[in-house]
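Trainee: Please find query05.cif (mmCIF, C-alpha atoms) on the next line:
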data_coords
loop_
_atom_site.group_PDB
_atom_site.id
_atom_site.type_symbol
_atom_site.label_atom_id
_atom_site.label_comp_id
_atom_site.auth_asym_id
_atom_site.auth_seq_id
_atom_site.Cartn_x
_atom_site.Cartn_y
_atom_site.Cartn_z
ATOM 1 C CA MET A 1 31.419 12.884 31.295
ATOM 2 C CA HIS A 2 34.716 11.037 31.197
ATOM 3 C CA SER A 3 36.928 10.513 34.249
ATOM 4 C CA ARG A 4 38.482 13.975 33.809
ATOM 5 C CA GLY A 5 34.989 15.422 34.178
ATOM 6 C CA LYS A 6 34.013 13.452 37.272
ATOM 7 C CA PRO A 7 35.097 16.199 39.731
ATOM 8 C CA PHE A 8 32.991 18.705 37.784
ATOM 9 C CA GLU A 9 29.967 16.403 37.894
ATOM 10 C CA GLU A 10 30.442 15.996 41.638
ATOM 11 C CA GLN A 11 30.668 19.760 42.099
ATOM 12 C CA ALA A 12 27.563 20.235 39.920
ATOM 13 C CA GLU A 13 25.711 17.657 41.998
ATOM 14 C CA ARG A 14 26.620 19.521 45.207
ATOM 15 C CA LEU A 15 25.405 22.784 43.650
ATOM 16 C CA LEU A 16 22.082 21.227 42.684
ATOM 17 C CA LYS A 17 21.597 19.681 46.129
ATOM 18 C CA CYS A 18 22.386 23.018 47.812
ATOM 19 C CA HIS A 19 19.533 24.522 45.807
ATOM 20 C CA GLY A 20 17.106 21.826 46.906
ATOM 21 C CA LEU A 21 17.149 19.509 43.899
ATOM 22 C CA ALA A 22 17.005 15.758 44.493
ATOM 23 C CA ILE A 23 19.403 13.672 42.396
ATOM 24 C CA LEU A 24 17.781 10.653 40.729
ATOM 25 C CA GLU A 25 20.604 9.420 38.489
ATOM 26 C CA ARG A 26 24.093 10.226 37.282
ATOM 27 C CA ASN A 27 25.514 9.313 33.905
ATOM 28 C CA TYR A 28 22.312 7.894 32.466
ATOM 29 C CA SER A 29 23.307 6.235 29.216
ATOM 30 C CA ALA A 30 21.359 5.056 26.174
ATOM 31 C CA ARG A 31 22.221 4.435 22.527
ATOM 32 C CA THR A 32 21.292 8.049 21.838
ATOM 33 C CA GLY A 33 23.806 9.493 24.305
ATOM 34 C CA GLU A 34 24.357 10.264 27.960
ATOM 35 C CA ILE A 35 22.835 12.653 30.457
ATOM 36 C CA ASP A 36 25.196 13.677 33.233
ATOM 37 C CA ILE A 37 22.621 14.269 35.979
ATOM 38 C CA ILE A 38 18.882 13.674 36.255
ATOM 39 C CA ALA A 39 17.217 15.417 39.172
ATOM 40 C CA THR A 40 13.904 16.749 40.417
ATOM 41 C CA ASP A 41 13.242 20.380 41.250
ATOM 42 C CA ARG A 42 9.977 20.077 43.138
ATOM 43 C CA ASP A 43 7.582 18.754 40.479
ATOM 44 C CA VAL A 44 9.941 19.346 37.524
ATOM 45 C CA LEU A 45 12.209 16.644 36.111
ATOM 46 C CA VAL A 46 15.575 18.227 35.284
ATOM 47 C CA PHE A 47 18.103 16.854 32.797
ATOM 48 C CA VAL A 48 21.508 18.426 33.417
ATOM 49 C CA GLU A 49 24.479 18.589 31.067
ATOM 50 C CA VAL A 50 27.777 19.372 32.828
ATOM 51 C CA ARG A 51 30.474 20.967 30.677
ATOM 52 C CA ALA A 52 33.993 22.101 31.531
ATOM 53 C CA ARG A 53 36.652 23.724 29.394
ATOM 54 C CA SER A 54 40.272 24.500 30.174
ATOM 55 C CA HIS A 55 40.434 27.323 27.608
ATOM 56 C CA GLN A 56 38.131 29.562 25.568
ATOM 57 C CA ARG A 57 39.525 28.404 22.237
ATOM 58 C CA PHE A 58 36.203 27.012 20.992
ATOM 59 C CA GLY A 59 33.838 29.402 22.728
ATOM 60 C CA GLY A 60 33.858 28.063 26.252
ATOM 61 C CA ALA A 61 31.921 25.392 28.091
ATOM 62 C CA ALA A 62 28.425 26.832 27.789
ATOM 63 C CA ASN A 63 28.684 27.333 24.041
ATOM 64 C CA SER A 64 29.790 23.739 23.533
ATOM 65 C CA VAL A 65 26.208 22.552 23.992
ATOM 66 C CA ASP A 66 25.302 23.094 20.355
ATOM 67 C CA ARG A 67 22.131 21.997 18.522
ATOM 68 C CA ARG A 68 23.582 18.565 17.775
ATOM 69 C CA LYS A 69 24.392 17.998 21.459
ATOM 70 C CA GLN A 70 20.972 19.313 22.485
ATOM 71 C CA LYS A 71 19.288 16.849 20.141
ATOM 72 C CA ARG A 72 21.234 13.930 21.648
ATOM 73 C CA ILE A 73 20.307 15.044 25.171
ATOM 74 C CA ILE A 74 16.629 15.386 24.204
ATOM 75 C CA LEU A 75 16.571 11.912 22.600
ATOM 76 C CA THR A 76 18.243 10.412 25.669
ATOM 77 C CA ALA A 77 15.747 12.202 27.946
ATOM 78 C CA GLN A 78 12.889 10.738 25.888
ATOM 79 C CA HIS A 79 14.422 7.292 26.318
ATOM 80 C CA TYR A 80 14.654 7.841 30.075
ATOM 81 C CA LEU A 81 11.033 9.023 30.280
ATOM 82 C CA GLN A 82 9.759 6.024 28.332
ATOM 83 C CA ARG A 83 11.860 3.530 30.260
ATOM 84 C CA HIS A 84 10.966 4.920 33.680
ATOM 85 C CA ASN A 85 7.371 5.893 32.903
ATOM 86 C CA ARG A 86 7.976 9.345 34.374
ATOM 87 C CA GLY A 87 6.875 11.493 31.460
ATOM 88 C CA LYS A 88 3.164 11.616 32.135
ATOM 89 C CA ASP A 89 1.928 14.910 33.548
ATOM 90 C CA ARG A 90 5.400 16.013 34.532
ATOM 91 C CA ARG A 91 7.200 19.072 33.275
ATOM 92 C CA CYS A 92 10.778 18.675 32.148
ATOM 93 C CA ARG A 93 13.639 21.149 31.991
ATOM 94 C CA PHE A 94 17.056 21.035 30.343
ATOM 95 C CA ASP A 95 19.812 22.755 32.311
ATOM 96 C CA VAL A 96 23.496 23.289 31.602
ATOM 97 C CA ILE A 97 26.110 23.737 34.308
ATOM 98 C CA ALA A 98 29.235 25.182 32.731
ATOM 99 C CA PHE A 99 32.664 25.416 34.312
ATOM 100 C CA GLU A 100 34.542 28.064 32.386
ATOM 101 C CA PRO A 101 38.330 28.422 32.146
ATOM 102 C CA ARG A 102 40.123 30.198 34.956
ATOM 103 C CA GLN A 103 40.938 33.841 34.342
ATOM 104 C CA SER A 104 43.481 33.793 37.161
ATOM 105 C CA GLU A 105 44.460 31.572 40.060
ATOM 106 C CA ALA A 106 40.932 31.945 41.425
ATOM 107 C CA ARG A 107 38.362 29.160 41.278
ATOM 108 C CA ARG A 108 36.769 28.297 37.951
ATOM 109 C CA PRO A 109 33.659 30.356 37.275
ATOM 110 C CA VAL A 110 30.562 28.155 37.261
ATOM 111 C CA HIS A 111 27.347 29.118 35.503
ATOM 112 C CA TRP A 112 24.032 27.333 35.918
ATOM 113 C CA PHE A 113 21.694 27.899 32.981
ATOM 114 C CA ARG A 114 18.221 26.783 34.024
ATOM 115 C CA GLY A 115 16.045 26.005 31.029
ATOM 116 C CA ALA A 116 19.037 26.364 28.714
ATOM 117 C CA PHE A 117 17.084 24.855 25.813
ATOM 118 C CA THR A 118 13.711 23.240 25.159
ATOM 119 C CA ALA A 119 12.673 20.051 23.420
ATOM 120 C CA GLU A 120 9.854 21.805 21.545
ATOM 121 C CA GLN A 121 11.911 24.567 20.035
ATOM 122 C CA GLY A 122 15.374 23.056 20.008
ATOM 123 C CA ASN A 123 16.667 26.546 20.640
ATOM 124 C CA ALA A 124 19.489 27.306 23.023
ATOM 125 C CA TYR A 125 19.231 30.199 25.426
ATOM 126 C CA ILE A 126 22.859 30.101 26.420
#
Give the structure from the file, written as structure tokens.

Mentor:
Amino acid sequence: MHSRGKPFEEQAERLLKCHGLAILERNYSARTGEIDIIATDRDVLVFVEVRARSHQRFGGAANSVDRRKQKRIILTAQHYLQRHNRGKDRRCRFDVIAFEPRQSEARRPVHWFRGAFTAEQGNAYI
């Protein structure tokens, strides 16, 4: 995520840590794309996309992780697994943490979609 998104990534990282996940990497980059956060949730390797939107004009933050974006995340996760030799006998999960636009002066609603999509099906559950 670009510099405007850094505070959201930091907030997402705090959320993950509060729920017991261990952060392995932030902003993992390959030719195929970038993964905002890579973490472990016990024995599961979790690839996290952090999205934030200031308005609902294009369907909000969660809906912005379309099939094209999912494919880029999956390809980048495969690159990570190959490069770090962590793919053997380890389950993986793709999560989305979405910061939606404010409805009032209150804090931005945050939604954590665990298992938002899968590499096998390429289907979004958001």

Trainee: Skip A:Gly115 itself and residues of its chain fewer than 5 positions away, then list as a ChimeraX atom specification all residues within 6 Å of it, counting only C-alpha atoms.

Mentor: /A:93-95

Trainee: Of the residues A:Gln11, A:Ala22, A:Thr40, A:Phe47, which is the one nearest to A:Gln78, using only C-alpha atoms?

Mentor: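 Looking only at the distances to A:Gln78, the closest residue turns out to be A:Phe47.
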
Trainee: One number please: atom CA of A:Gly33 to atom CA of A:Pro101, in Å, one decimal.

Mentor: 25.1 Å

Trainee: Give me, please, the distance in Å between atom CA of A:Asn85 and atom CA of A:Val50, quoted to one decimal.

Mentor: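 Atom CA of A:Asn85 sits 24.5 Å away from atom CA of A:Val50.
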
Trainee: Excluding A:Tyr28 and its own-chain neighbours fewer than 2 positions away, which residues fall within 10 Å of it when counting only C-alpha atoms? Please give them as an MDAnalysis selection string.

Mentor: chainID A and resid 24:26 30 33:38 47 76:77 80
